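As provided, input22.txt (compact mmCIF, C-alpha atoms) reads as follows.
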```
# COMPACT_ATOMS: atom_id res chain seq x y z
CA MET A 19 -118.07 -20.14 79.48
CA TRP A 20 -116.33 -18.45 76.58
CA SER A 21 -119.50 -16.69 75.53
CA ILE A 22 -120.06 -15.37 79.04
CA ILE A 23 -116.55 -13.95 79.23
CA PHE A 24 -116.84 -12.47 75.74
CA VAL A 25 -120.07 -10.73 76.64
CA ALA A 26 -118.64 -9.36 79.86
CA MET A 27 -115.48 -8.11 78.17
CA ALA A 28 -117.53 -6.45 75.47
CA THR A 29 -119.68 -4.80 78.12
CA ALA A 30 -116.67 -3.52 80.02
CA LEU A 31 -115.01 -2.12 76.94
CA PHE A 32 -118.17 -0.87 75.20
CA PRO A 33 -120.79 -0.36 77.93
CA ALA A 34 -123.19 1.52 75.66
CA CYS A 35 -123.87 -1.68 73.74
CA GLY A 36 -126.05 -2.84 76.65
CA LEU A 37 -125.05 -6.51 76.69
CA ALA A 38 -124.73 -6.68 80.48
CA ALA A 39 -124.59 -2.99 81.30
CA LEU A 40 -127.60 -0.79 81.86
CA ASP A 41 -127.82 2.48 79.95
CA PRO A 42 -124.78 4.51 81.03
CA CYS A 43 -125.13 7.44 83.39
CA PRO A 44 -124.54 10.84 81.71
CA ASN A 45 -120.93 12.04 81.61
CA ILE A 46 -119.56 8.89 83.24
CA LEU A 47 -116.59 7.16 81.62
CA PRO A 48 -116.69 3.39 80.97
CA VAL A 49 -115.79 0.86 83.65
CA LEU A 50 -112.00 0.92 83.98
CA TYR A 51 -111.26 -2.81 84.01
CA PRO A 52 -112.81 -5.83 82.22
CA TYR A 53 -115.19 -7.92 84.30
CA VAL A 54 -117.62 -10.82 84.19
CA LEU A 55 -121.19 -10.70 85.49
CA ALA A 56 -123.29 -13.64 86.65
CA LYS A 57 -126.38 -14.48 84.63
CA ASP A 58 -129.34 -12.08 85.01
CA TRP A 59 -127.19 -9.40 86.63
CA HIS A 60 -126.73 -5.92 85.21
CA ILE A 61 -124.28 -3.14 86.04
CA ARG A 62 -124.27 0.63 85.75
CA LYS A 63 -121.25 2.73 86.64
CA VAL A 64 -122.51 5.81 88.47
CA ALA A 65 -119.29 7.54 89.54
CA GLY A 66 -115.57 7.69 88.86
CA GLY A 67 -112.66 9.81 89.98
CA LEU A 68 -113.46 9.60 93.70
CA THR A 69 -110.66 9.48 96.27
CA SER A 70 -110.52 5.97 97.71
CA PRO A 71 -114.28 5.49 98.21
CA ARG A 72 -114.89 3.10 101.10
CA GLY A 73 -118.05 2.94 103.24
CA ILE A 74 -121.35 3.92 101.61
CA VAL A 75 -124.92 4.45 102.83
CA VAL A 76 -128.11 5.67 101.16
CA ASP A 77 -130.45 8.06 102.99
CA THR A 78 -134.23 7.92 102.74
CA ALA A 79 -134.19 10.67 100.10
CA GLY A 80 -131.99 8.51 97.84
CA ARG A 81 -128.74 10.42 98.38
CA LEU A 82 -125.46 8.50 98.53
CA LEU A 83 -123.10 9.30 101.41
CA ILE A 84 -119.61 7.97 100.72
CA VAL A 85 -116.51 8.00 102.90
CA GLU A 86 -113.62 9.08 100.71
CA GLU A 87 -110.62 7.91 102.70
CA GLY A 88 -108.38 10.77 103.81
CA VAL A 89 -110.87 13.40 102.61
CA GLY A 90 -114.26 13.13 104.33
CA ILE A 91 -117.85 12.28 103.39
CA SER A 92 -119.16 13.20 99.95
CA GLN A 93 -122.89 13.45 99.22
CA HIS A 94 -124.46 12.56 95.87
CA GLN A 95 -128.00 13.24 94.70
CA THR A 96 -129.43 10.47 92.49
CA ASP A 97 -132.19 10.25 89.90
CA THR A 98 -134.77 7.54 89.27
CA LEU A 99 -132.18 5.39 87.48
CA GLY A 100 -129.72 5.60 90.37
CA CYS A 101 -127.38 7.91 88.46
CA ILE A 102 -125.73 10.83 90.23
CA THR A 103 -127.07 14.25 89.28
CA SER A 104 -125.05 16.43 91.67
CA SER A 105 -122.29 15.99 94.24
CA ARG A 106 -120.71 17.93 97.09
CA MET A 107 -118.29 17.36 99.95
CA LEU A 108 -120.65 17.27 102.92
CA ILE A 109 -118.07 16.72 105.67
CA SER A 110 -114.39 17.57 105.27
CA MET A 111 -112.43 15.48 107.78
CA PRO A 112 -109.27 13.73 106.51
CA ALA A 113 -109.16 11.42 109.55
CA LEU A 114 -112.26 9.54 108.34
CA ASN A 115 -111.18 6.32 106.68
CA HIS A 116 -113.96 3.75 106.31
CA GLY A 117 -116.90 3.38 108.70
CA ILE A 118 -120.24 5.12 108.19
CA ALA A 119 -123.81 4.54 109.38
CA LEU A 120 -127.12 6.40 109.46
CA SER A 121 -129.37 6.34 112.49
CA ILE A 122 -132.87 4.93 112.16
CA GLY A 123 -134.86 7.78 110.60
CA ASP A 124 -131.68 9.42 109.26
CA HIS A 125 -131.44 11.96 112.11
CA TYR A 126 -127.70 11.35 112.57
CA ILE A 127 -124.64 10.41 110.55
CA PHE A 128 -122.00 8.29 112.31
CA ALA A 129 -118.49 7.97 110.89
CA SER A 130 -115.16 6.75 112.20
CA SER A 131 -111.48 7.47 112.19
CA ALA A 132 -108.93 4.98 113.52
CA THR A 133 -109.36 6.27 117.07
CA GLU A 134 -112.83 7.83 117.32
CA VAL A 135 -116.47 7.54 116.25
CA PHE A 136 -118.23 10.84 115.50
CA ARG A 137 -121.89 11.84 115.17
CA TRP A 138 -123.39 14.72 113.19
CA ASN A 139 -126.99 15.98 113.21
CA TYR A 140 -128.41 15.30 109.76
CA HIS A 141 -131.37 16.99 108.10
CA VAL A 142 -132.53 14.50 105.52
CA GLU A 143 -135.11 16.91 104.08
CA ASN A 144 -132.32 19.06 102.58
CA GLY A 145 -129.23 16.89 103.11
CA ASP A 146 -127.46 19.36 105.38
CA ILE A 147 -125.65 18.69 108.64
CA GLY A 148 -126.17 20.81 111.74
CA GLY A 149 -123.56 21.85 114.26
CA GLN A 150 -120.19 20.37 115.10
CA PRO A 151 -119.48 16.64 115.34
CA GLU A 152 -119.92 14.94 118.71
CA THR A 153 -117.45 12.28 119.82
CA ILE A 154 -119.39 9.09 120.60
CA VAL A 155 -116.54 6.60 121.11
CA SER A 156 -112.86 7.30 121.75
CA GLY A 157 -109.76 5.49 122.92
CA MET A 158 -109.30 3.12 119.98
CA ALA A 159 -105.81 2.16 118.79
CA PRO A 160 -104.20 4.35 116.11
CA ASN A 161 -102.20 1.49 114.57
CA GLY A 162 -102.62 -1.98 113.13
CA HIS A 163 -105.94 -2.59 111.37
CA VAL A 164 -107.42 0.90 111.58
CA THR A 165 -110.84 0.65 109.90
CA ARG A 166 -113.71 0.79 112.40
CA THR A 167 -116.92 -0.58 110.90
CA LEU A 168 -120.16 0.79 112.37
CA GLY A 169 -123.65 -0.69 112.58
CA ILE A 170 -127.02 0.10 114.13
CA PRO A 171 -129.47 -2.78 114.69
CA PRO A 172 -132.70 -2.18 112.74
CA HIS A 173 -134.88 -2.87 115.79
CA HIS A 174 -132.64 -1.24 118.40
CA SER A 175 -131.87 2.30 117.33
CA ASN A 176 -130.28 3.10 120.69
CA LEU A 177 -127.34 0.74 120.07
CA LEU A 178 -124.14 1.35 118.11
CA VAL A 179 -121.91 -1.57 117.08
CA VAL A 180 -118.20 -0.86 116.47
CA SER A 181 -115.61 -3.37 115.23
CA HIS A 182 -111.91 -3.07 116.08
CA GLY A 183 -109.23 -5.15 114.39
CA SER A 184 -105.95 -6.47 115.72
CA ASN A 185 -102.76 -4.40 116.00
CA GLY A 186 -100.96 -6.61 113.49
CA ASN A 187 -100.92 -9.99 111.82
CA LEU A 188 -100.69 -12.01 115.04
CA ASP A 189 -101.80 -9.92 118.00
CA TYR A 190 -101.26 -12.41 120.83
CA ALA A 191 -102.28 -9.98 123.57
CA SER A 192 -105.77 -9.71 122.02
CA ILE A 193 -106.65 -13.15 123.40
CA ASP A 194 -107.63 -11.09 126.45
CA PRO A 195 -110.79 -9.20 125.46
CA LYS A 196 -109.84 -6.42 127.87
CA THR A 197 -107.29 -5.25 125.31
CA ALA A 198 -110.32 -4.31 123.15
CA ARG A 199 -108.62 -5.44 119.94
CA ALA A 200 -109.76 -8.13 117.50
CA ILE A 201 -113.23 -7.61 118.91
CA VAL A 202 -116.69 -6.22 118.18
CA LYS A 203 -118.32 -4.07 120.88
CA VAL A 204 -121.74 -2.51 121.48
CA PHE A 205 -122.63 0.83 123.10
CA ASN A 206 -125.97 2.16 124.31
CA ILE A 207 -126.00 5.66 122.84
CA SER A 208 -129.27 6.77 124.44
CA THR A 209 -127.05 8.86 126.71
CA VAL A 210 -123.47 9.59 125.71
CA PRO A 211 -120.92 10.75 128.30
CA VAL A 212 -118.94 13.92 127.69
CA GLY A 213 -116.01 12.99 125.45
CA GLY A 214 -117.72 9.76 124.40
CA PHE A 215 -117.46 6.18 125.58
CA ASN A 216 -114.02 4.70 126.14
CA TYR A 217 -113.81 1.78 123.73
CA ALA A 218 -111.84 -0.51 126.02
CA LYS A 219 -113.64 0.24 129.29
CA ASP A 220 -117.26 0.81 128.25
CA GLY A 221 -119.94 -1.09 126.33
CA TRP A 222 -120.20 -4.87 126.02
CA ASN A 223 -118.82 -7.54 123.72
CA ALA A 224 -120.44 -8.94 120.60
CA GLY A 225 -117.68 -11.53 120.23
CA TYR A 226 -113.87 -11.48 120.45
CA GLY A 227 -111.02 -13.39 118.87
CA LEU A 228 -112.10 -11.77 115.58
CA ARG A 229 -108.91 -10.69 113.79
CA ASN A 230 -110.46 -8.00 111.63
CA GLU A 231 -114.26 -8.19 111.36
CA VAL A 232 -114.55 -5.46 108.73
CA GLY A 233 -118.00 -6.27 107.33
CA LEU A 234 -121.07 -6.32 109.59
CA ALA A 235 -124.68 -7.10 108.65
CA PHE A 236 -127.98 -7.67 110.48
CA ASP A 237 -130.36 -10.38 109.32
CA GLY A 238 -134.17 -10.28 109.42
CA ASN A 239 -134.17 -10.97 113.16
CA SER A 240 -131.61 -8.21 113.90
CA MET A 241 -128.98 -10.89 114.53
CA LEU A 242 -125.45 -9.72 113.73
CA TRP A 243 -123.16 -11.44 111.21
CA GLY A 244 -119.57 -10.50 110.43
CA VAL A 245 -116.99 -11.24 107.75
CA GLU A 246 -113.40 -11.57 108.91
CA ASN A 247 -110.01 -11.01 107.32
CA SER A 248 -107.83 -13.80 108.68
CA ALA A 249 -104.05 -14.05 109.11
CA ASP A 250 -101.15 -13.98 106.66
CA ASP A 251 -97.91 -15.96 106.39
CA LEU A 252 -98.95 -18.94 108.53
CA VAL A 253 -96.64 -21.90 109.06
CA ARG A 254 -97.60 -25.34 110.45
CA ASN A 255 -95.04 -26.68 112.93
CA VAL A 256 -95.29 -30.39 113.80
CA ASN A 257 -92.50 -32.67 115.07
CA ASP A 258 -89.78 -30.12 114.33
CA THR A 259 -91.01 -29.80 110.75
CA SER A 260 -92.27 -26.44 109.48
CA THR A 261 -94.60 -26.28 106.46
CA ASP A 262 -95.61 -23.05 104.77
CA VAL A 263 -99.41 -23.23 104.42
CA HIS A 264 -100.09 -19.55 103.81
CA ASN A 265 -100.98 -19.63 100.13
CA ASP A 266 -104.29 -21.44 100.65
CA ASN A 267 -104.81 -21.10 104.40
CA PRO A 268 -106.32 -19.86 106.58
CA ALA A 269 -109.79 -19.20 105.19
CA GLU A 270 -111.54 -15.86 105.59
CA GLU A 271 -114.70 -16.26 107.66
CA LEU A 272 -118.41 -15.59 107.94
CA ASN A 273 -119.25 -15.54 111.67
CA PHE A 274 -122.55 -15.49 113.50
CA LEU A 275 -122.28 -12.94 116.33
CA GLY A 276 -125.95 -13.00 117.30
CA ASN A 277 -128.09 -10.82 119.52
CA VAL A 278 -126.27 -7.56 120.27
CA THR A 279 -128.71 -6.49 122.99
CA VAL A 280 -126.89 -8.88 125.34
CA ALA A 281 -123.19 -9.57 125.79
CA ASN A 282 -121.58 -12.23 123.61
CA ASP A 283 -118.37 -13.26 125.37
CA LYS A 284 -117.64 -16.18 123.06
CA TRP A 285 -114.15 -16.58 121.60
CA TYR A 286 -113.89 -17.02 117.83
CA GLY A 287 -110.34 -18.38 117.74
CA TYR A 288 -107.89 -15.60 116.91
CA PRO A 289 -104.94 -15.37 117.48
CA THR A 290 -104.56 -19.13 118.03
CA CYS A 291 -107.16 -21.04 116.01
CA PHE A 292 -107.45 -20.58 112.25
CA THR A 293 -109.90 -21.99 109.73
CA ILE A 294 -109.00 -24.37 106.92
CA TRP A 295 -109.78 -23.48 103.32
CA GLN A 296 -107.54 -26.05 101.62
CA PRO A 297 -106.92 -29.37 103.40
CA GLU A 298 -103.23 -30.29 103.29
CA THR A 299 -101.13 -33.23 104.46
CA SER A 300 -99.54 -31.02 107.13
CA LEU A 301 -103.00 -30.11 108.48
CA VAL A 302 -103.80 -33.40 110.17
CA ASP A 303 -105.07 -33.51 113.73
CA THR A 304 -101.99 -34.47 115.74
CA VAL A 305 -104.07 -36.41 118.28
CA THR A 306 -106.58 -38.30 116.11
CA ALA A 307 -104.44 -38.40 112.91
CA ARG A 308 -107.53 -37.39 110.94
CA GLU A 309 -107.28 -34.91 108.09
CA LEU A 310 -108.92 -31.60 108.94
CA ASN A 311 -111.62 -30.47 106.53
CA VAL A 312 -112.81 -27.13 105.17
CA GLY A 313 -114.28 -25.02 107.97
CA GLN A 314 -112.48 -26.82 110.78
CA GLN A 315 -109.81 -24.99 112.76
CA PHE A 316 -106.12 -25.63 113.37
CA VAL A 317 -103.26 -24.17 115.38
CA GLN A 318 -99.86 -23.30 113.98
CA THR A 319 -97.91 -25.27 116.57
CA PRO A 320 -99.97 -27.96 118.29
CA ASN A 321 -98.72 -29.24 121.65
CA LYS A 322 -99.97 -31.33 124.59
CA THR A 323 -101.92 -28.49 126.18
CA PHE A 324 -103.36 -26.77 123.09
CA ASN A 325 -103.92 -28.51 119.77
CA ASP A 326 -106.43 -28.68 116.91
CA GLY A 327 -108.90 -30.52 119.13
CA THR A 328 -108.70 -27.69 121.67
CA CYS A 329 -109.91 -25.32 118.97
CA ALA A 330 -112.94 -27.55 118.38
CA GLN A 331 -113.72 -27.39 122.10
CA LYS A 332 -113.12 -23.71 122.82
CA SER A 333 -113.43 -21.68 119.62
CA VAL A 334 -116.58 -20.76 117.65
CA PRO A 335 -115.90 -21.75 114.02
CA PRO A 336 -117.27 -19.87 111.01
CA LEU A 337 -120.50 -20.92 109.32
CA ILE A 338 -119.09 -20.26 105.85
CA SER A 339 -115.45 -19.99 104.75
CA PHE A 340 -114.09 -17.79 101.97
CA GLN A 341 -110.93 -18.50 99.98
CA ALA A 342 -107.76 -17.51 101.81
CA HIS A 343 -106.64 -13.87 101.39
CA THR A 344 -109.71 -12.71 99.44
CA ALA A 345 -110.21 -9.98 102.11
CA PRO A 346 -113.97 -9.55 102.71
CA LEU A 347 -114.71 -5.90 103.52
CA ASP A 348 -118.49 -5.46 103.61
CA ALA A 349 -121.67 -7.51 103.83
CA LYS A 350 -125.33 -6.65 103.19
CA PHE A 351 -128.50 -8.75 103.25
CA ASP A 352 -131.15 -8.39 100.54
CA ALA A 353 -133.87 -7.13 102.88
CA PRO A 354 -136.77 -7.80 103.14
CA LEU A 355 -136.18 -11.29 101.70
CA TYR A 356 -132.92 -12.13 103.48
CA THR A 357 -132.22 -14.89 100.97
CA ASN A 358 -128.71 -13.66 100.11
CA LEU A 359 -125.85 -12.00 101.94
CA TYR A 360 -123.72 -9.98 99.51
CA VAL A 361 -120.03 -9.73 100.35
CA THR A 362 -117.23 -7.69 98.77
CA LEU A 363 -113.88 -9.45 98.40
CA HIS A 364 -111.27 -6.71 98.13
CA GLY A 365 -108.54 -8.98 96.80
CA SER A 366 -105.28 -10.50 98.00
CA TRP A 367 -101.75 -9.20 98.39
CA ASP A 368 -100.27 -12.32 100.03
CA ARG A 369 -101.08 -15.05 97.53
CA LYS A 370 -99.74 -16.32 94.22
CA PRO A 371 -101.72 -16.24 92.04
CA PRO A 372 -103.90 -13.40 93.37
CA THR A 373 -107.51 -14.04 94.34
CA GLY A 374 -110.63 -12.05 95.21
CA PHE A 375 -111.44 -8.71 93.53
CA LYS A 376 -115.13 -9.60 93.32
CA LEU A 377 -118.65 -9.34 94.65
CA VAL A 378 -120.18 -12.63 95.84
CA SER A 379 -123.47 -13.80 97.32
CA VAL A 380 -123.92 -16.28 100.17
CA PRO A 381 -127.38 -17.94 99.91
CA PHE A 382 -129.42 -17.88 103.12
CA ALA A 383 -132.64 -19.55 104.23
CA GLN A 384 -135.00 -19.16 107.18
CA GLY A 385 -135.42 -22.29 109.24
CA PRO A 386 -138.52 -23.67 111.00
CA ASP A 387 -137.45 -21.87 114.19
CA GLY A 388 -137.39 -18.55 112.34
CA SER A 389 -133.60 -18.17 112.37
CA PHE A 390 -131.57 -17.26 109.28
CA ASN A 391 -128.57 -19.37 108.28
CA PRO A 392 -126.42 -20.05 105.21
CA SER A 393 -128.07 -22.55 102.87
CA GLU A 394 -124.80 -24.44 102.40
CA PRO A 395 -123.03 -26.35 105.19
CA ALA A 396 -119.92 -24.99 106.91
CA TYR A 397 -117.65 -27.41 105.00
CA SER A 398 -118.80 -26.08 101.61
CA LYS A 399 -116.15 -24.98 99.15
CA PRO A 400 -117.30 -22.57 98.09
CA GLY A 401 -120.51 -21.75 99.91
CA TYR A 402 -121.01 -18.64 97.79
CA THR A 403 -121.52 -17.53 94.18
CA ASP A 404 -119.53 -14.99 92.17
CA ILE A 405 -121.64 -12.05 90.96
CA PHE A 406 -119.05 -9.57 89.66
CA TYR A 407 -115.51 -10.76 89.10
CA PRO A 408 -112.45 -10.11 86.93
CA VAL A 409 -111.84 -11.75 83.59
CA ASN A 410 -108.45 -12.99 84.75
CA GLU A 411 -108.40 -13.12 88.54
CA ALA A 412 -104.90 -14.61 88.60
CA GLU A 413 -103.48 -11.47 86.97
CA CYS A 414 -105.21 -8.94 89.22
CA SER A 415 -103.59 -6.12 91.16
CA ALA A 416 -104.69 -2.78 92.55
CA THR A 417 -104.02 -1.22 89.14
CA THR A 418 -105.58 -3.85 86.87
CA CYS A 419 -108.85 -4.84 88.56
CA ALA A 420 -111.64 -3.22 90.56
CA ARG A 421 -111.23 -3.62 94.34
CA PRO A 422 -114.71 -3.88 95.88
CA VAL A 423 -115.22 -2.30 99.33
CA GLY A 424 -118.55 -0.85 100.48
CA LEU A 425 -122.13 -1.95 99.80
CA ALA A 426 -125.50 -0.24 100.18
CA PHE A 427 -128.94 -1.06 98.82
CA HIS A 428 -130.75 1.86 97.24
CA SER A 429 -134.10 0.08 96.98
CA PRO A 430 -135.28 -3.34 95.82
CA SER A 431 -136.14 -1.86 92.43
CA LEU A 432 -132.86 -0.01 91.82
CA GLY A 433 -130.41 -2.46 93.37
CA LEU A 434 -127.06 -2.54 95.14
CA TYR A 435 -124.34 0.12 95.12
CA MET A 436 -120.69 -0.92 95.46
CA THR A 437 -117.56 1.18 95.87
CA SER A 438 -114.10 0.30 94.51
CA ASP A 439 -111.41 2.21 96.37
CA THR A 440 -108.28 1.98 94.22
CA SER A 441 -110.17 2.65 90.98
CA GLY A 442 -112.28 5.45 92.53
CA GLU A 443 -115.50 4.01 91.08
CA VAL A 444 -119.04 3.37 92.26
CA PHE A 445 -121.27 0.77 90.57
CA LEU A 446 -124.97 -0.03 90.75
CA PHE A 447 -125.97 -3.69 90.35
CA SER A 448 -129.45 -4.98 89.64
CA HIS A 449 -130.72 -8.55 89.40
CA VAL A 450 -133.35 -9.02 86.75
CA VAL A 451 -134.74 -12.50 86.05
CA ALA A 452 -136.60 -12.78 82.77
```

How would this structure read if it were set down as structure tokens?
Amino acid sequence: MWSIIFVAMATALFPACGLAALDPCPNILPVLYPYVLAKDWHIRKVAGGLTSPRGIVVDTAGRLLIVEEGVGISQHQTDTLGCITSSRMLISMPALNHGIALSIGDHYIFASSATEVFRWNYHVENGDIGGQPETIVSGMAPNGHVTRTLGIPPHHSNLLVVSHGSNGNLDYASIDPKTARAIVKVFNISTVPVGGFNYAKDGWNAGYGLRNEVGLAFDGNSMLWGVENSADDLVRNVNDTSTDVHNDNPAEELNFLGNVTVANDKWYGYPTCFTIWQPETSLVDTVTARELNVGQQFVQTPNKTFNDGTCAQKSVPPLISFQAHTAPLDAKFDAPLYTNLYVTLHGSWDRKPPTGFKLVSVPFAQGPDGSFNPSEPAYSKPGYTDIFYPVNEAECSATTCARPVGLAFHSPSLGLYMTSDTSGEVFLFSHVVA
């Protein structure tokens, strides 16, 4: 272990030595913070000095399109190594804060503010946009969790998926999907009404009771998966005794949302049922007296009408759990293999010691029925592998470690781009097995 950390630290501090870093891109400063890389992985820093880079996509010409929060969408031409050769601000719109997607064929760019989703005509042959933005979706809440992740199913280019988080830590009204919060919705954009779809009134559900499903990804069957940021500051109340369980519970979640061409009106638990990461003596089923395990769900205050067992009956649990407060923000499959789902863990603010600040992979496998599922069972701890992570996770903060956000594959040969918002960096990862 010591040799691995030594190599990674040397790479971070002296990237030109090539221990775990690829040849550096021209005129790019070294990686800001020390890191560790998993075996057979390599890293190249391709950009620095960006303004809170969040969502990222790659067009068919190899250009990077990056949402710089509070600024707009920057465009970056890349060379055969994945390095950036030129950059420009393609769309100046300070309201844009996270979400971005390209249509199938790259004819349109979609991007989101807290309250609206916009669409621009895009000319991939020269990288220019044409005309003014068109509002596709409106009527989303301006407060609470304000990032709106966007997705287009690979085999259904007429559909647009939009996630909407809760209005706070515990948004009790969102248990009614008609509030259109803590939900993922789908819109048929073949024909868009003037002024766009109303988020609450139009479209159909792809699951609700999802506190903040920031990362969305489609598997090889165009089935939708989401990664969820769960609640903070939870307390377990049983028999007039309150126990603070927030440091290690609840888990963040990987949820299967399924086929977005039809409505999914299933409830995934929020704001009542939460998933266990760390079993504790206070988290015992009050009816059966059995200890609840990783991946099972609990309520803060069980009673005669709604308890932990009710969650098992009514809520859809996650298929993989992530450590509490790691804050997953994006997810991408390694198409065309679909053997790994890569997830960025932005890092905690509500845990001592801190956790997250890394890129991880969740192994997947295709079953006899053709469906894709995590290789590890739902009670796994962990059911994922660290790929890029800090040397001392317990000492991390927004000013001492990278904070991974967006992911986009350039190509199987070049690898996976990742943004880090607080450090203003963009990295390119490649997996090379000798």

Produce a table with one row for each residue of region 35-111 of chain A that has an atom at most 12 Å from any atom of region 415-418 of chain A, each row naming the nearest atom pair and its distance in Å at one decimal; use only C-alpha atoms; arrange rows by chain and rising residue number; format as JSON lines.
```
{"residue": "A:Val49", "atom": "CA", "partner": "A:Thr418", "partner_atom": "CA", "distance": 11.7}
{"residue": "A:Leu50", "atom": "CA", "partner": "A:Thr418", "partner_atom": "CA", "distance": 8.5}
{"residue": "A:Tyr51", "atom": "CA", "partner": "A:Thr418", "partner_atom": "CA", "distance": 6.4}
{"residue": "A:Pro52", "atom": "CA", "partner": "A:Thr418", "partner_atom": "CA", "distance": 8.8}
{"residue": "A:Tyr53", "atom": "CA", "partner": "A:Thr418", "partner_atom": "CA", "distance": 10.7}
{"residue": "A:Ser70", "atom": "CA", "partner": "A:Ala416", "partner_atom": "CA", "distance": 11.7}
```

Keeping C-alpha atoms for every residue in the selection just given, could you write it to a file as a compact mmCIF listing (two decimals), in the frame of the given file?
```
# COMPACT_ATOMS: atom_id res chain seq x y z
CA VAL A 49 -115.79 0.86 83.65
CA LEU A 50 -112.00 0.92 83.98
CA TYR A 51 -111.26 -2.81 84.01
CA PRO A 52 -112.81 -5.83 82.22
CA TYR A 53 -115.19 -7.92 84.30
CA SER A 70 -110.52 5.97 97.71
```

Gln296 (chain A) environment, 10 Å, all atoms listed in the file, sequence neighbours closer than 4 positions dropped, as a list in words: Val263, Asn265, Asp266, Asn267, Pro268, Ala269, Leu301, Leu310, Asn311, Val312, Gly313, Gln341, Ala342 and Lys399 of chain A

Residue contacts of Pro335 (chain A) (8 Å, all atoms listed in the file) excluding same-chain residues fewer than 5 positions away, as a VMD selection string: chain A and resid 273 286 to 287 293 313 to 315 330

Requested in this report: Point out the residue among A:Pro430, A:Gly401, A:Pro112, A:Gly186 with the least atom-to-atom distance to Glu87 (chain A), counting all atoms listed in the file.
Outcome: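 Of A:Pro430, A:Gly401, A:Pro112, A:Gly186, the one nearest Glu87 (chain A) is A:Pro112, counting all atoms listed in the file.
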
For a quick check of understanding, using all atoms listed in the file, which of A:Gly227, A:Pro48, A:Pro171, A:Pro320 has the smallest distance to Val204 (chain A)?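 Selected residue with least distance to Val204 (chain A): A:Pro171.
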
Restricting to only C-alpha atoms, whichever of A:Leu359, A:Leu275, A:Val280, A:Ala65 is closest to Ser379 (chain A) is A:Leu359

Name all residues at most 8 Å from Phe390 (chain A) (count only C-alpha atoms; drop same-chain ones fewer than 6 positions away) and give them as a CSV table (one decimal) with C-alpha atoms, in the frame of the given file.
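Dumped to out.csv:
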```csv
chain,number,residue,atom,x,y,z
A,237,ASP,CA,-130.4,-10.4,109.3
A,238,GLY,CA,-134.2,-10.3,109.4
A,239,ASN,CA,-134.2,-11.0,113.2
A,356,TYR,CA,-132.9,-12.1,103.5
A,382,PHE,CA,-129.4,-17.9,103.1
A,383,ALA,CA,-132.6,-19.6,104.2
A,384,GLN,CA,-135.0,-19.2,107.2
```

Here CA of Ile294 (chain A) and CA of Val180 (chain A) stand apart by 27.0 Å

Query raised in the report: Hey, what's within 10 Å of Asn410 (chain A) if we count only C-alpha atoms and toss same-chain stuff fewer than 3 positions away? As a ChimeraX atom specification, please?
Result: /A:23,52-54,372-373,407,413-414,418-419

Taking C-alpha atoms for each residue, export the selection above as a PDB file, in the frame of the given file.
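Written out: again_34.pdb:
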```pdb
ATOM      1  CA  ILE A  23    -116.550 -13.950  79.230  1.00  0.00           C
ATOM      2  CA  PRO A  52    -112.810  -5.830  82.220  1.00  0.00           C
ATOM      3  CA  TYR A  53    -115.190  -7.920  84.300  1.00  0.00           C
ATOM      4  CA  VAL A  54    -117.620 -10.820  84.190  1.00  0.00           C
ATOM      5  CA  PRO A 372    -103.900 -13.400  93.370  1.00  0.00           C
ATOM      6  CA  THR A 373    -107.510 -14.040  94.340  1.00  0.00           C
ATOM      7  CA  TYR A 407    -115.510 -10.760  89.100  1.00  0.00           C
ATOM      8  CA  GLU A 413    -103.480 -11.470  86.970  1.00  0.00           C
ATOM      9  CA  CYS A 414    -105.210  -8.940  89.220  1.00  0.00           C
ATOM     10  CA  THR A 418    -105.580  -3.850  86.870  1.00  0.00           C
ATOM     11  CA  CYS A 419    -108.850  -4.840  88.560  1.00  0.00           C
TER      12      CYS A 419
END
```

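From CA of Ala119 (chain A) back to CA of Arg166 (chain A), the distance works out to 11.2 Å.
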
For Val278 (chain A), the closest of A:Thr290, A:Asn176, A:Thr96, A:Ser366 counting only C-alpha atoms is A:Asn176
